[in-house]
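Below is final12.pdb, holding PDB, C-alpha atoms.
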```
ATOM      1  CA  MET A   1     189.888 -20.993-122.190
ATOM      2  CA  ALA A   2     193.590 -20.527-121.932
ATOM      3  CA  ILE A   3     196.687 -18.440-121.408
ATOM      4  CA  PRO A   4     197.116 -15.473-123.750
ATOM      5  CA  ARG A   5     199.917 -16.383-126.113
ATOM      6  CA  GLY A   6     201.288 -12.992-127.060
ATOM      7  CA  CYS A   7     203.169 -10.378-125.106
ATOM      8  CA  VAL A   8     200.451  -7.714-125.106
ATOM      9  CA  PRO A   9     198.655  -7.716-121.714
ATOM     10  CA  ILE A  10     194.867  -7.640-121.706
ATOM     11  CA  ALA A  11     194.951  -4.401-119.718
ATOM     12  CA  ALA A  12     197.045  -2.765-122.419
ATOM     13  CA  VAL A  13     194.588  -3.803-125.103
ATOM     14  CA  LEU A  14     191.678  -2.449-123.104
ATOM     15  CA  LEU A  15     193.569   0.787-122.431
ATOM     16  CA  ALA A  16     194.200   1.199-126.129
ATOM     17  CA  LEU A  17     190.496   0.762-126.785
ATOM     18  CA  LEU A  18     189.632   3.344-124.164
ATOM     19  CA  CYS A  19     192.152   5.793-125.594
ATOM     20  CA  ARG A  20     190.426   5.497-128.954
ATOM     21  CA  ALA A  21     187.006   5.981-127.424
ATOM     22  CA  GLY A  22     186.825   9.513-128.727
ATOM     23  CA  GLU A  23     186.579   8.160-132.247
ATOM     24  CA  ALA A  24     182.989   7.016-131.657
ATOM     25  CA  ALA A  25     180.710   6.812-128.667
ATOM     26  CA  VAL A  26     180.086   3.373-127.211
ATOM     27  CA  ARG A  27     176.625   2.408-128.360
ATOM     28  CA  GLU A  28     173.771   1.955-125.919
ATOM     29  CA  LEU A  29     172.497  -1.593-126.180
ATOM     30  CA  ARG A  30     168.941  -2.538-125.326
ATOM     31  CA  ALA A  31     166.466  -5.381-125.577
ATOM     32  CA  GLY A  32     164.021  -5.027-128.446
ATOM     33  CA  TYR A  33     166.417  -2.837-130.407
ATOM     34  CA  TYR A  34     164.992  -3.971-133.769
ATOM     35  CA  ALA A  35     161.327  -3.940-132.729
ATOM     36  CA  GLU A  36     160.504  -1.173-135.205
ATOM     37  CA  THR A  37     163.242  -1.419-137.845
ATOM     38  CA  CYS A  38     163.255  -5.213-138.256
ATOM     39  CA  PRO A  39     160.626  -6.754-135.976
ATOM     40  CA  ASP A  40     161.216 -10.321-137.171
ATOM     41  CA  ALA A  41     164.967 -10.225-136.565
ATOM     42  CA  GLU A  42     165.101 -12.472-133.507
ATOM     43  CA  ARG A  43     162.598 -14.931-134.968
ATOM     44  CA  VAL A  44     164.594 -15.184-138.208
ATOM     45  CA  VAL A  45     167.809 -15.920-136.336
ATOM     46  CA  ARG A  46     166.185 -18.549-134.118
ATOM     47  CA  GLU A  47     164.592 -20.283-137.101
ATOM     48  CA  THR A  48     167.945 -20.295-138.851
ATOM     49  CA  MET A  49     169.559 -21.862-135.803
ATOM     50  CA  ALA A  50     166.817 -24.481-135.581
ATOM     51  CA  ARG A  51     167.410 -25.475-139.209
ATOM     52  CA  ALA A  52     171.153 -25.621-138.615
ATOM     53  CA  ARG A  53     170.644 -27.871-135.602
ATOM     54  CA  ALA A  54     168.402 -30.166-137.645
ATOM     55  CA  ARG A  55     171.149 -30.478-140.260
ATOM     56  CA  GLU A  56     173.950 -30.997-137.737
ATOM     57  CA  ALA A  57     173.343 -31.065-133.995
ATOM     58  CA  ARG A  58     176.855 -29.851-133.212
ATOM     59  CA  SER A  59     176.514 -26.675-135.254
ATOM     60  CA  VAL A  60     174.645 -24.646-132.648
ATOM     61  CA  ALA A  61     177.438 -25.153-130.108
ATOM     62  CA  SER A  62     179.923 -24.057-132.755
ATOM     63  CA  VAL A  63     177.921 -20.888-133.375
ATOM     64  CA  MET A  64     177.723 -20.118-129.645
ATOM     65  CA  ARG A  65     181.499 -20.358-129.454
ATOM     66  CA  LEU A  66     181.756 -17.560-132.029
ATOM     67  CA  GLN A  67     180.461 -15.043-129.476
ATOM     68  CA  PHE A  68     183.301 -15.811-127.080
ATOM     69  CA  HIS A  69     185.949 -15.520-129.774
ATOM     70  CA  ASP A  70     184.362 -12.339-131.095
ATOM     71  CA  CYS A  71     183.716 -10.468-127.852
ATOM     72  CA  PHE A  72     187.042 -11.236-126.191
ATOM     73  CA  VAL A  73     188.995  -9.642-129.055
ATOM     74  CA  ASN A  74     188.290  -5.897-129.109
ATOM     75  CA  GLY A  75     184.650  -6.288-128.172
ATOM     76  CA  CYS A  76     181.550  -7.831-129.761
ATOM     77  CA  ASP A  77     181.915  -6.370-133.248
ATOM     78  CA  GLY A  78     181.657  -9.292-135.682
ATOM     79  CA  SER A  79     185.379  -9.133-136.428
ATOM     80  CA  VAL A  80     185.768 -12.888-136.009
ATOM     81  CA  LEU A  81     183.532 -13.387-139.055
ATOM     82  CA  MET A  82     185.759 -11.475-141.491
ATOM     83  CA  ASP A  83     187.789 -13.224-144.170
ATOM     84  CA  ASP A  84     191.392 -12.300-144.841
ATOM     85  CA  THR A  85     192.100  -9.711-147.513
ATOM     86  CA  PRO A  86     195.402  -8.759-149.182
ATOM     87  CA  ALA A  87     195.647  -5.868-146.697
ATOM     88  CA  MET A  88     194.326  -7.602-143.576
ATOM     89  CA  LEU A  89     194.978 -10.837-141.725
ATOM     90  CA  GLY A  90     191.719 -11.602-139.969
ATOM     91  CA  GLU A  91     191.027 -13.691-136.893
ATOM     92  CA  LYS A  92     189.949 -16.950-138.523
ATOM     93  CA  GLU A  93     193.561 -18.057-138.923
ATOM     94  CA  ALA A  94     194.586 -17.027-135.398
ATOM     95  CA  LEU A  95     196.103 -19.721-133.193
ATOM     96  CA  SER A  96     192.947 -20.353-131.175
ATOM     97  CA  ASN A  97     190.702 -20.351-134.228
ATOM     98  CA  ILE A  98     192.438 -22.047-137.152
ATOM     99  CA  ASN A  99     190.932 -25.445-137.981
ATOM    100  CA  SER A 100     188.729 -24.948-134.936
ATOM    101  CA  LEU A 101     186.059 -22.258-135.330
ATOM    102  CA  ARG A 102     183.307 -23.421-137.633
ATOM    103  CA  SER A 103     179.667 -22.972-138.706
ATOM    104  CA  PHE A 104     180.234 -19.491-140.140
ATOM    105  CA  GLU A 105     177.764 -20.466-142.837
ATOM    106  CA  VAL A 106     174.961 -20.438-140.247
ATOM    107  CA  ILE A 107     175.613 -16.738-139.625
ATOM    108  CA  ASP A 108     175.720 -16.231-143.405
ATOM    109  CA  GLU A 109     172.304 -17.844-143.727
ATOM    110  CA  ALA A 110     170.773 -15.684-141.027
ATOM    111  CA  LYS A 111     172.329 -12.554-142.497
ATOM    112  CA  ALA A 112     171.023 -13.330-145.988
ATOM    113  CA  ALA A 113     167.498 -13.822-144.632
ATOM    114  CA  LEU A 114     167.658 -10.564-142.689
ATOM    115  CA  GLU A 115     169.071  -8.600-145.607
ATOM    116  CA  ALA A 116     166.141  -9.852-147.716
ATOM    117  CA  ARG A 117     163.694  -8.492-145.118
ATOM    118  CA  CYS A 118     165.494  -5.489-143.648
ATOM    119  CA  PRO A 119     168.503  -4.532-145.755
ATOM    120  CA  GLY A 120     171.279  -2.706-143.952
ATOM    121  CA  VAL A 121     169.627  -2.853-140.533
ATOM    122  CA  VAL A 122     170.796  -5.838-138.453
ATOM    123  CA  SER A 123     174.499  -6.079-137.667
ATOM    124  CA  CYS A 124     176.481  -9.276-137.937
ATOM    125  CA  ALA A 125     177.701  -8.716-134.379
ATOM    126  CA  ASP A 126     174.108  -8.749-133.128
ATOM    127  CA  ILE A 127     173.346 -11.878-135.155
ATOM    128  CA  VAL A 128     176.161 -13.680-133.347
ATOM    129  CA  VAL A 129     174.784 -12.622-129.955
ATOM    130  CA  MET A 130     171.227 -13.655-130.845
ATOM    131  CA  ALA A 131     172.418 -16.966-132.272
ATOM    132  CA  ALA A 132     174.487 -17.763-129.170
ATOM    133  CA  ARG A 133     171.424 -17.256-126.977
ATOM    134  CA  ASP A 134     169.375 -19.451-129.315
ATOM    135  CA  ALA A 135     171.991 -22.215-129.200
ATOM    136  CA  VAL A 136     171.405 -22.426-125.460
ATOM    137  CA  VAL A 137     167.622 -22.310-125.684
ATOM    138  CA  LEU A 138     167.385 -24.897-128.458
ATOM    139  CA  THR A 139     169.442 -27.394-126.444
ATOM    140  CA  GLY A 140     167.433 -27.081-123.240
ATOM    141  CA  GLY A 141     169.101 -24.163-121.483
ATOM    142  CA  PRO A 142     167.726 -20.865-120.178
ATOM    143  CA  ASN A 143     166.241 -18.076-122.263
ATOM    144  CA  TRP A 144     166.987 -14.376-121.817
ATOM    145  CA  ASP A 145     166.485 -11.019-123.517
ATOM    146  CA  VAL A 146     169.554 -10.103-125.533
ATOM    147  CA  ARG A 147     170.676  -6.486-125.608
ATOM    148  CA  LEU A 148     171.252  -5.371-129.189
ATOM    149  CA  GLY A 149     172.395  -2.372-131.192
ATOM    150  CA  ARG A 150     176.032  -3.162-132.016
ATOM    151  CA  GLU A 151     177.857  -2.090-135.141
ATOM    152  CA  ASP A 152     180.222  -4.275-137.138
ATOM    153  CA  SER A 153     183.921  -3.518-137.172
ATOM    154  CA  LEU A 154     185.601  -2.325-140.341
ATOM    155  CA  THR A 155     188.570  -4.614-139.829
ATOM    156  CA  ALA A 156     189.868  -7.612-137.874
ATOM    157  CA  SER A 157     193.240  -8.490-136.381
ATOM    158  CA  GLN A 158     194.890 -11.877-136.243
ATOM    159  CA  GLU A 159     197.602 -10.369-134.035
ATOM    160  CA  ASP A 160     195.103  -9.137-131.465
ATOM    161  CA  SER A 161     193.414 -12.536-131.378
ATOM    162  CA  ASP A 162     196.747 -14.284-130.884
ATOM    163  CA  ASN A 163     197.652 -11.908-128.067
ATOM    164  CA  ILE A 164     194.335 -12.214-126.247
ATOM    165  CA  MET A 165     192.676 -15.565-126.842
ATOM    166  CA  PRO A 166     193.549 -18.582-124.718
ATOM    167  CA  SER A 167     194.648 -22.133-125.568
ATOM    168  CA  PRO A 168     193.327 -25.450-124.221
ATOM    169  CA  ARG A 169     196.417 -25.732-121.977
ATOM    170  CA  ALA A 170     195.445 -22.860-119.676
ATOM    171  CA  ASN A 171     195.404 -23.171-115.925
ATOM    172  CA  ALA A 172     192.844 -21.622-113.612
ATOM    173  CA  SER A 173     195.085 -18.778-112.426
ATOM    174  CA  ALA A 174     195.740 -17.608-115.974
ATOM    175  CA  LEU A 175     192.051 -17.806-116.803
ATOM    176  CA  ILE A 176     191.131 -15.751-113.751
ATOM    177  CA  ARG A 177     193.572 -13.047-114.849
ATOM    178  CA  LEU A 178     192.227 -13.093-118.398
ATOM    179  CA  PHE A 179     188.626 -12.714-117.300
ATOM    180  CA  ALA A 180     189.482 -10.084-114.684
ATOM    181  CA  GLY A 181     191.070  -8.004-117.438
ATOM    182  CA  LEU A 182     187.660  -7.962-119.101
ATOM    183  CA  ASN A 183     185.836  -7.068-115.861
ATOM    184  CA  LEU A 184     184.481 -10.599-115.550
ATOM    185  CA  THR A 185     184.504 -12.345-112.170
ATOM    186  CA  VAL A 186     185.545 -15.824-111.099
ATOM    187  CA  THR A 187     181.872 -16.792-111.079
ATOM    188  CA  ASP A 188     181.561 -15.449-114.628
ATOM    189  CA  LEU A 189     184.600 -17.495-115.653
ATOM    190  CA  VAL A 190     183.211 -20.750-114.290
ATOM    191  CA  ALA A 191     179.669 -20.111-115.507
ATOM    192  CA  LEU A 192     180.761 -19.153-119.027
ATOM    193  CA  SER A 193     183.062 -22.175-119.176
ATOM    194  CA  GLY A 194     179.808 -24.085-118.810
ATOM    195  CA  SER A 195     179.182 -23.254-122.466
ATOM    196  CA  HIS A 196     181.161 -26.473-122.943
ATOM    197  CA  SER A 197     178.029 -28.261-121.764
ATOM    198  CA  ILE A 198     177.283 -28.598-125.475
ATOM    199  CA  GLY A 199     179.562 -29.360-128.371
ATOM    200  CA  LYS A 200     182.698 -31.281-129.197
ATOM    201  CA  ALA A 201     186.436 -30.659-129.282
ATOM    202  CA  ARG A 202     189.306 -32.198-131.224
ATOM    203  CA  CYS A 203     191.858 -34.751-130.068
ATOM    204  CA  PHE A 204     194.423 -32.117-131.061
ATOM    205  CA  SER A 205     193.390 -30.181-127.954
ATOM    206  CA  ILE A 206     193.946 -33.010-125.465
ATOM    207  CA  VAL A 207     196.723 -35.325-126.681
ATOM    208  CA  PHE A 208     199.220 -33.532-124.448
ATOM    209  CA  ARG A 209     197.003 -34.329-121.443
ATOM    210  CA  LEU A 210     196.939 -37.978-122.365
ATOM    211  CA  TYR A 211     200.607 -38.565-123.086
ATOM    212  CA  ASN A 212     202.798 -35.635-122.008
ATOM    213  CA  GLN A 213     201.155 -33.366-119.441
ATOM    214  CA  SER A 214     203.471 -30.444-118.629
ATOM    215  CA  GLY A 215     206.322 -32.202-120.453
ATOM    216  CA  SER A 216     206.284 -35.073-117.960
ATOM    217  CA  GLY A 217     205.874 -37.854-120.512
ATOM    218  CA  ARG A 218     202.896 -39.003-118.446
ATOM    219  CA  PRO A 219     199.137 -38.354-118.513
ATOM    220  CA  ASP A 220     197.414 -35.653-116.497
ATOM    221  CA  PRO A 221     197.042 -37.016-112.952
ATOM    222  CA  ASN A 222     193.791 -35.073-112.563
ATOM    223  CA  MET A 223     191.908 -37.501-114.770
ATOM    224  CA  ASP A 224     189.677 -40.387-113.822
ATOM    225  CA  PRO A 225     191.498 -43.580-114.955
ATOM    226  CA  SER A 226     188.501 -45.080-116.730
ATOM    227  CA  TYR A 227     187.868 -41.790-118.519
ATOM    228  CA  ARG A 228     191.506 -41.600-119.532
ATOM    229  CA  ARG A 229     191.275 -45.077-121.047
ATOM    230  CA  ALA A 230     188.228 -43.992-123.055
ATOM    231  CA  LEU A 231     190.093 -40.933-124.306
ATOM    232  CA  ASP A 232     193.150 -43.065-125.103
ATOM    233  CA  ALA A 233     190.926 -45.142-127.376
ATOM    234  CA  LEU A 234     189.386 -42.056-128.965
ATOM    235  CA  CYS A 235     192.708 -40.233-129.366
ATOM    236  CA  PRO A 236     195.526 -42.807-129.613
ATOM    237  CA  ARG A 237     199.124 -41.629-129.681
ATOM    238  CA  GLY A 238     199.960 -40.784-133.298
ATOM    239  CA  GLY A 239     196.294 -41.005-134.309
ATOM    240  CA  ASP A 240     194.048 -38.600-136.201
ATOM    241  CA  GLU A 241     193.990 -35.424-134.130
ATOM    242  CA  GLU A 242     190.940 -34.111-136.007
ATOM    243  CA  VAL A 243     188.708 -36.749-134.374
ATOM    244  CA  THR A 244     186.250 -35.120-131.968
ATOM    245  CA  GLY A 245     184.755 -36.046-128.636
ATOM    246  CA  GLY A 246     181.966 -34.595-126.508
ATOM    247  CA  MET A 247     183.085 -32.021-123.940
ATOM    248  CA  ASP A 248     180.819 -33.587-121.361
ATOM    249  CA  ALA A 249     178.689 -36.702-121.041
ATOM    250  CA  SER A 250     175.631 -34.987-122.576
ATOM    251  CA  PRO A 251     177.075 -32.880-125.422
ATOM    252  CA  LEU A 252     173.718 -32.269-127.102
ATOM    253  CA  VAL A 253     171.959 -30.956-123.982
ATOM    254  CA  PHE A 254     172.676 -27.695-122.183
ATOM    255  CA  ASP A 255     172.695 -28.705-118.522
ATOM    256  CA  ASN A 256     175.048 -28.890-115.541
ATOM    257  CA  GLN A 257     176.507 -32.280-116.503
ATOM    258  CA  TYR A 258     179.721 -30.471-117.456
ATOM    259  CA  PHE A 259     180.288 -29.509-113.813
ATOM    260  CA  LYS A 260     179.397 -32.967-112.533
ATOM    261  CA  ASP A 261     182.022 -34.341-114.899
ATOM    262  CA  LEU A 262     184.663 -31.923-113.602
ATOM    263  CA  VAL A 263     183.999 -33.058-110.029
ATOM    264  CA  ARG A 264     184.479 -36.658-111.209
ATOM    265  CA  LEU A 265     187.772 -35.690-112.951
ATOM    266  CA  ARG A 266     186.216 -36.278-116.344
ATOM    267  CA  GLY A 267     186.779 -32.874-117.945
ATOM    268  CA  PHE A 268     187.717 -33.066-121.618
ATOM    269  CA  LEU A 269     189.965 -29.993-121.884
ATOM    270  CA  ASN A 270     192.754 -29.082-119.512
ATOM    271  CA  SER A 271     191.285 -25.562-119.312
ATOM    272  CA  ASP A 272     188.057 -27.147-118.045
ATOM    273  CA  GLN A 273     189.449 -29.638-115.517
ATOM    274  CA  THR A 274     191.774 -27.013-114.056
ATOM    275  CA  LEU A 275     188.725 -25.154-112.746
ATOM    276  CA  PHE A 276     188.102 -27.968-110.291
ATOM    277  CA  SER A 277     191.534 -29.455-109.786
ATOM    278  CA  ASP A 278     193.889 -26.477-109.496
ATOM    279  CA  ASN A 279     192.194 -23.562-107.727
ATOM    280  CA  ALA A 280     190.154 -23.452-104.533
ATOM    281  CA  GLU A 281     188.117 -20.419-105.597
ATOM    282  CA  THR A 282     186.981 -21.867-108.919
ATOM    283  CA  ARG A 283     186.538 -25.301-107.308
ATOM    284  CA  ARG A 284     183.898 -23.939-104.946
ATOM    285  CA  VAL A 285     181.901 -22.513-107.848
ATOM    286  CA  VAL A 286     182.234 -25.708-109.900
ATOM    287  CA  ARG A 287     180.963 -27.784-107.011
ATOM    288  CA  ARG A 288     178.024 -25.420-106.433
ATOM    289  CA  PHE A 289     176.994 -25.550-110.082
ATOM    290  CA  SER A 290     177.351 -29.340-110.127
ATOM    291  CA  GLU A 291     174.757 -29.492-107.337
ATOM    292  CA  ASP A 292     172.448 -26.670-108.438
ATOM    293  CA  GLN A 293     171.591 -26.379-112.142
ATOM    294  CA  ASP A 294     169.374 -23.352-111.587
ATOM    295  CA  ALA A 295     172.280 -21.488-109.985
ATOM    296  CA  PHE A 296     174.411 -22.322-113.012
ATOM    297  CA  PHE A 297     171.723 -21.128-115.423
ATOM    298  CA  ARG A 298     171.314 -17.820-113.580
ATOM    299  CA  ALA A 299     175.049 -17.188-113.485
ATOM    300  CA  PHE A 300     175.475 -18.199-117.127
ATOM    301  CA  VAL A 301     172.831 -15.725-118.297
ATOM    302  CA  GLU A 302     174.421 -12.956-116.231
ATOM    303  CA  GLY A 303     177.846 -13.782-117.641
ATOM    304  CA  MET A 304     176.605 -13.841-121.239
ATOM    305  CA  ILE A 305     174.951 -10.455-120.810
ATOM    306  CA  LYS A 306     178.118  -8.981-119.282
ATOM    307  CA  MET A 307     180.301 -10.447-122.018
ATOM    308  CA  GLY A 308     177.917  -9.049-124.614
ATOM    309  CA  GLU A 309     178.500  -5.563-123.203
ATOM    310  CA  LEU A 310     182.144  -5.616-124.318
ATOM    311  CA  GLN A 311     182.266  -3.126-127.182
ATOM    312  CA  ASN A 312     184.724  -1.777-129.696
ATOM    313  CA  PRO A 313     184.386   2.017-129.440
ATOM    314  CA  ARG A 314     185.662   2.605-132.960
ATOM    315  CA  LYS A 315     183.084   3.694-135.513
ATOM    316  CA  GLY A 316     181.640   0.723-137.355
ATOM    317  CA  GLU A 317     178.974  -0.111-139.919
ATOM    318  CA  ILE A 318     176.221  -2.601-140.681
ATOM    319  CA  ARG A 319     177.926  -5.035-143.032
ATOM    320  CA  ARG A 320     175.960  -6.337-145.977
ATOM    321  CA  ASN A 321     178.135  -9.458-146.021
ATOM    322  CA  CYS A 322     179.394 -10.590-142.637
ATOM    323  CA  ARG A 323     182.724 -11.713-144.074
ATOM    324  CA  VAL A 324     183.866  -8.448-145.635
ATOM    325  CA  ALA A 325     183.575  -4.724-144.988
ATOM    326  CA  ASN A 326     181.149  -2.786-147.144
ATOM    327  CA  GLY A 327     182.793  -1.463-150.266
ATOM    328  CA  SER A 328     185.573  -4.035-150.160
ATOM    329  CA  PRO A 329     186.670  -5.352-153.585
ATOM    330  CA  LYS A 330     185.990  -8.803-152.172
ATOM    331  CA  GLU A 331     182.489  -7.971-150.976
ATOM    332  CA  VAL A 332     180.753  -9.763-153.823
ATOM    333  CA  VAL A 333     183.154 -12.632-154.422
ATOM    334  CA  ALA A 334     184.969 -13.299-151.157
ATOM    335  CA  SER A 335     182.183 -15.265-149.540
ATOM    336  CA  ARG A 336     179.312 -16.844-151.422
ATOM    337  CA  VAL A 337     176.385 -17.517-149.109
ATOM    338  CA  LEU A 338     175.680 -21.225-149.342
ATOM    339  CA  ASP A 339     172.583 -22.492-151.143
ATOM    340  CA  PHE A 340     170.537 -23.576-148.155
TER     341      PHE A 340
END
```
Using structure tokens, write down the structure that the file contains.
Amino acid sequence: MAIPRGCVPIAAVLLALLCRAGEAAVRELRAGYYAETCPDAERVVRETMARARAREARSVASVMRLQFHDCFVNGCDGSVLMDDTPAMLGEKEALSNINSLRSFEVIDEAKAALEARCPGVVSCADIVVMAARDAVVLTGGPNWDVRLGREDSLTASQEDSDNIMPSPRANASALIRLFAGLNLTVTDLVALSGSHSIGKARCFSIVFRLYNQSGSGRPDPNMDPSYRRALDALCPRGGDEEVTGGMDASPLVFDNQYFKDLVRLRGFLNSDQTLFSDNAETRRVVRRFSEDQDAFFRAFVEGMIKMGELQNPRKGEIRRNCRVANGSPKEVVASRVLDF
């Protein structure tokens, strides 16, 4: 996570959402929401995620990341999935997302399967939340009942994403403020950062740590020397910044290795290592999770449920195509669901 780049404070964004709350009531979410209208919904999504993982192990971590980037920007409303249109700059090209967010086609596949069974019933926003849970389960992490019943937004906003979402350079204090603005605690921050237990990140996100931390012309001092040498080899100065590395020592398994690595000064992203190196409050939680995986799992589930409660109160819809609003001229041609 990282420092919000724009000048619009998180509190102001949330206030604006609350002021618009009269436009539509916030929906009541509940487990088993589709039990009668689309009883196979959760099974279909999990099977889709399992196939995606078989094709590319990294993909499930990429899908889980979509929930964070969706829910933090105006609530969990599927806005992050929308393609640009002539009248709208969506969130895919926002600073935190461009050339970074991926595996949208997995959501497309799940949506196509659900539309074939239950047309117009399951929202794209709910698919993202189900898929994020399944990413954790399929890689060895905890299971939980997801609360469903969201609508999809009618629009998306690159500007809002730029103003809200963080960068890999964030420090712990900025992250605490960001999460607090969303009614998420320090424990939530550290636990949800543990989503980096699975997946990879690009050299682009860490070259400053290796060669010019804080404009010093030197590497980040909060980095184990042997780990820094390994990252130097992976991400040489002037090298290909699209090369990826695991965000912890077990990037295919959801476990507490991420926190053990932070304690050993082997965090991949600055916004990860800062949780141990730069703040006493987050350090205590990191150390606890590094020693107690069950405590991490419990806190992670609680944090995911709380994050999933963030809603956009504006009236939405159930999109037929997750990439475009219903009735859009681009609905048929903007995004072809891949031939899986």
Output of the PyMOL selection byres ((chain A and resi 58) around 8), listed as a VMD selection string: chain A and resid 53 56 to 57 59 to 62 198 to 200 252
Counting all atoms listed in the file, what is within 8 Å of Val106 in chain A, bar same-chain residues fewer than 3 positions away, as number ranges by chain? A: 48-49, 52, 63, 103, 109-110
Please provide as a list in words all residues within 9 Å of Val128 in chain A, with the sequence filter that same-chain residues fewer than 3 positions apart are discarded (counting only C-alpha atoms).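 Counting only C-alpha atoms, the residues come to Val63, Met64, Leu66, Gln67, Asp70, Cys76, Gly78, Ile107, Ser123, Cys124, Ala125, Ala131, Ala132 and Arg133 of chain A.
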Length of the CA of Lys111 in chain A to CA of Ser167 in chain A vector [Å]: 29.6 Å
Give as a PyMOL selection string the residues that the PyMOL selection byres ((chain A and resi 156) around 9) matches when applied to the coordinates above. chain A and resi 78-84+88-91+153-155+157-158+160-161
Write out the residues from the selection above, keeping C-alpha atoms, as a PDB file, keeping the file's coordinate frame.
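Printed below is selection.pdb as written:
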```pdb
ATOM      1  CA  GLY A  78     181.657  -9.292-135.682  1.00  0.00           C
ATOM      2  CA  SER A  79     185.379  -9.133-136.428  1.00  0.00           C
ATOM      3  CA  VAL A  80     185.768 -12.888-136.009  1.00  0.00           C
ATOM      4  CA  LEU A  81     183.532 -13.387-139.055  1.00  0.00           C
ATOM      5  CA  MET A  82     185.759 -11.475-141.491  1.00  0.00           C
ATOM      6  CA  ASP A  83     187.789 -13.224-144.170  1.00  0.00           C
ATOM      7  CA  ASP A  84     191.392 -12.300-144.841  1.00  0.00           C
ATOM      8  CA  MET A  88     194.326  -7.602-143.576  1.00  0.00           C
ATOM      9  CA  LEU A  89     194.978 -10.837-141.725  1.00  0.00           C
ATOM     10  CA  GLY A  90     191.719 -11.602-139.969  1.00  0.00           C
ATOM     11  CA  GLU A  91     191.027 -13.691-136.893  1.00  0.00           C
ATOM     12  CA  SER A 153     183.921  -3.518-137.172  1.00  0.00           C
ATOM     13  CA  LEU A 154     185.601  -2.325-140.341  1.00  0.00           C
ATOM     14  CA  THR A 155     188.570  -4.614-139.829  1.00  0.00           C
ATOM     15  CA  SER A 157     193.240  -8.490-136.381  1.00  0.00           C
ATOM     16  CA  GLN A 158     194.890 -11.877-136.243  1.00  0.00           C
ATOM     17  CA  ASP A 160     195.103  -9.137-131.465  1.00  0.00           C
ATOM     18  CA  SER A 161     193.414 -12.536-131.378  1.00  0.00           C
TER      19      SER A 161
END
```
With the PyMOL selection byres ((chain A and resi 122) around 9) as the selection, what would be picked from this file? Answer as a ChimeraX atom specification, please. /A:34,37-38,41,111,114-115,118-121,123-127,149-151,318-319
Please compute the CA of Phe204 in chain A-CA of Ser277 in chain A distance, one decimal, in Å.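 Result for CA of Phe204 in chain A versus CA of Ser277 in chain A: 21.6 Å, one decimal.
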Using CA of Leu29 in chain A and CA of Cys71 in chain A as the two end points, give the distance in Å to one decimal.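 CA of Cys71 in chain A lies at a distance of 14.4 Å from CA of Leu29 in chain A.
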Report the centre and edge lengths, in Å to one decimal, of an axis-aligned box enclosing every atom of range 283-299 of chain A listed in the file, padded by 3 Å on each side, as lines of an AutoDock Vina configuration file.
```
center_x = 178.0
center_y = -23.3
center_z = -110.2
size_x = 23.2
size_y = 18.3
size_z = 16.5
```
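Proximity of A:Ala325, A:Leu231, A:Val146, A:Gln293 to Val243 in chain A, computed with only C-alpha atoms, is greatest for A:Leu231.
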Taking all atoms listed in the file into account, which of A:Gly316, A:Pro221, A:Pro39, A:Gly303 comes nearest Val186 in chain A? A:Gly303
Using only C-alpha atoms, which of A:Glu242, A:Asn270, A:Leu234, A:Ala174 sits nearest Ile206 in chain A? A:Asn270
Could you tell me which of A:Ser197, A:Ser271, A:Ser173, A:Thr85 comes closest to Ser250 in chain A if we count all atoms listed in the file?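 Counting all atoms listed in the file, the residue closest to Ser250 in chain A is A:Ser197.
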Top pick for closest residue to Asn99 in chain A, considering A:Thr185, A:Ser193, A:Ser205, A:Asn143 and counting only C-alpha atoms: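 Residue with the minimum atom-to-atom distance to Asn99 in chain A: A:Ser205.
Across A:Arg323, A:His69, A:Lys260, A:Arg218, the tightest approach to Pro166 in chain A is made by A:His69 when counting only C-alpha atoms.
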Please determine the residues with any atom at most 8 Å from (197.6, -38.3, -120.9) (coordinates as given in the file, with only C-alpha atoms counting) and report them as a PDB file with C-alpha atoms, in the coordinates of the input.
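Result file is point.pdb:
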```pdb
ATOM      1  CA  ILE A 206     193.946 -33.010-125.465  1.00  0.00           C
ATOM      2  CA  VAL A 207     196.723 -35.325-126.681  1.00  0.00           C
ATOM      3  CA  PHE A 208     199.220 -33.532-124.448  1.00  0.00           C
ATOM      4  CA  ARG A 209     197.003 -34.329-121.443  1.00  0.00           C
ATOM      5  CA  LEU A 210     196.939 -37.978-122.365  1.00  0.00           C
ATOM      6  CA  TYR A 211     200.607 -38.565-123.086  1.00  0.00           C
ATOM      7  CA  ASN A 212     202.798 -35.635-122.008  1.00  0.00           C
ATOM      8  CA  GLN A 213     201.155 -33.366-119.441  1.00  0.00           C
ATOM      9  CA  ARG A 218     202.896 -39.003-118.446  1.00  0.00           C
ATOM     10  CA  PRO A 219     199.137 -38.354-118.513  1.00  0.00           C
ATOM     11  CA  ASP A 220     197.414 -35.653-116.497  1.00  0.00           C
ATOM     12  CA  ARG A 228     191.506 -41.600-119.532  1.00  0.00           C
ATOM     13  CA  ASP A 232     193.150 -43.065-125.103  1.00  0.00           C
TER      14      ASP A 232
END
```
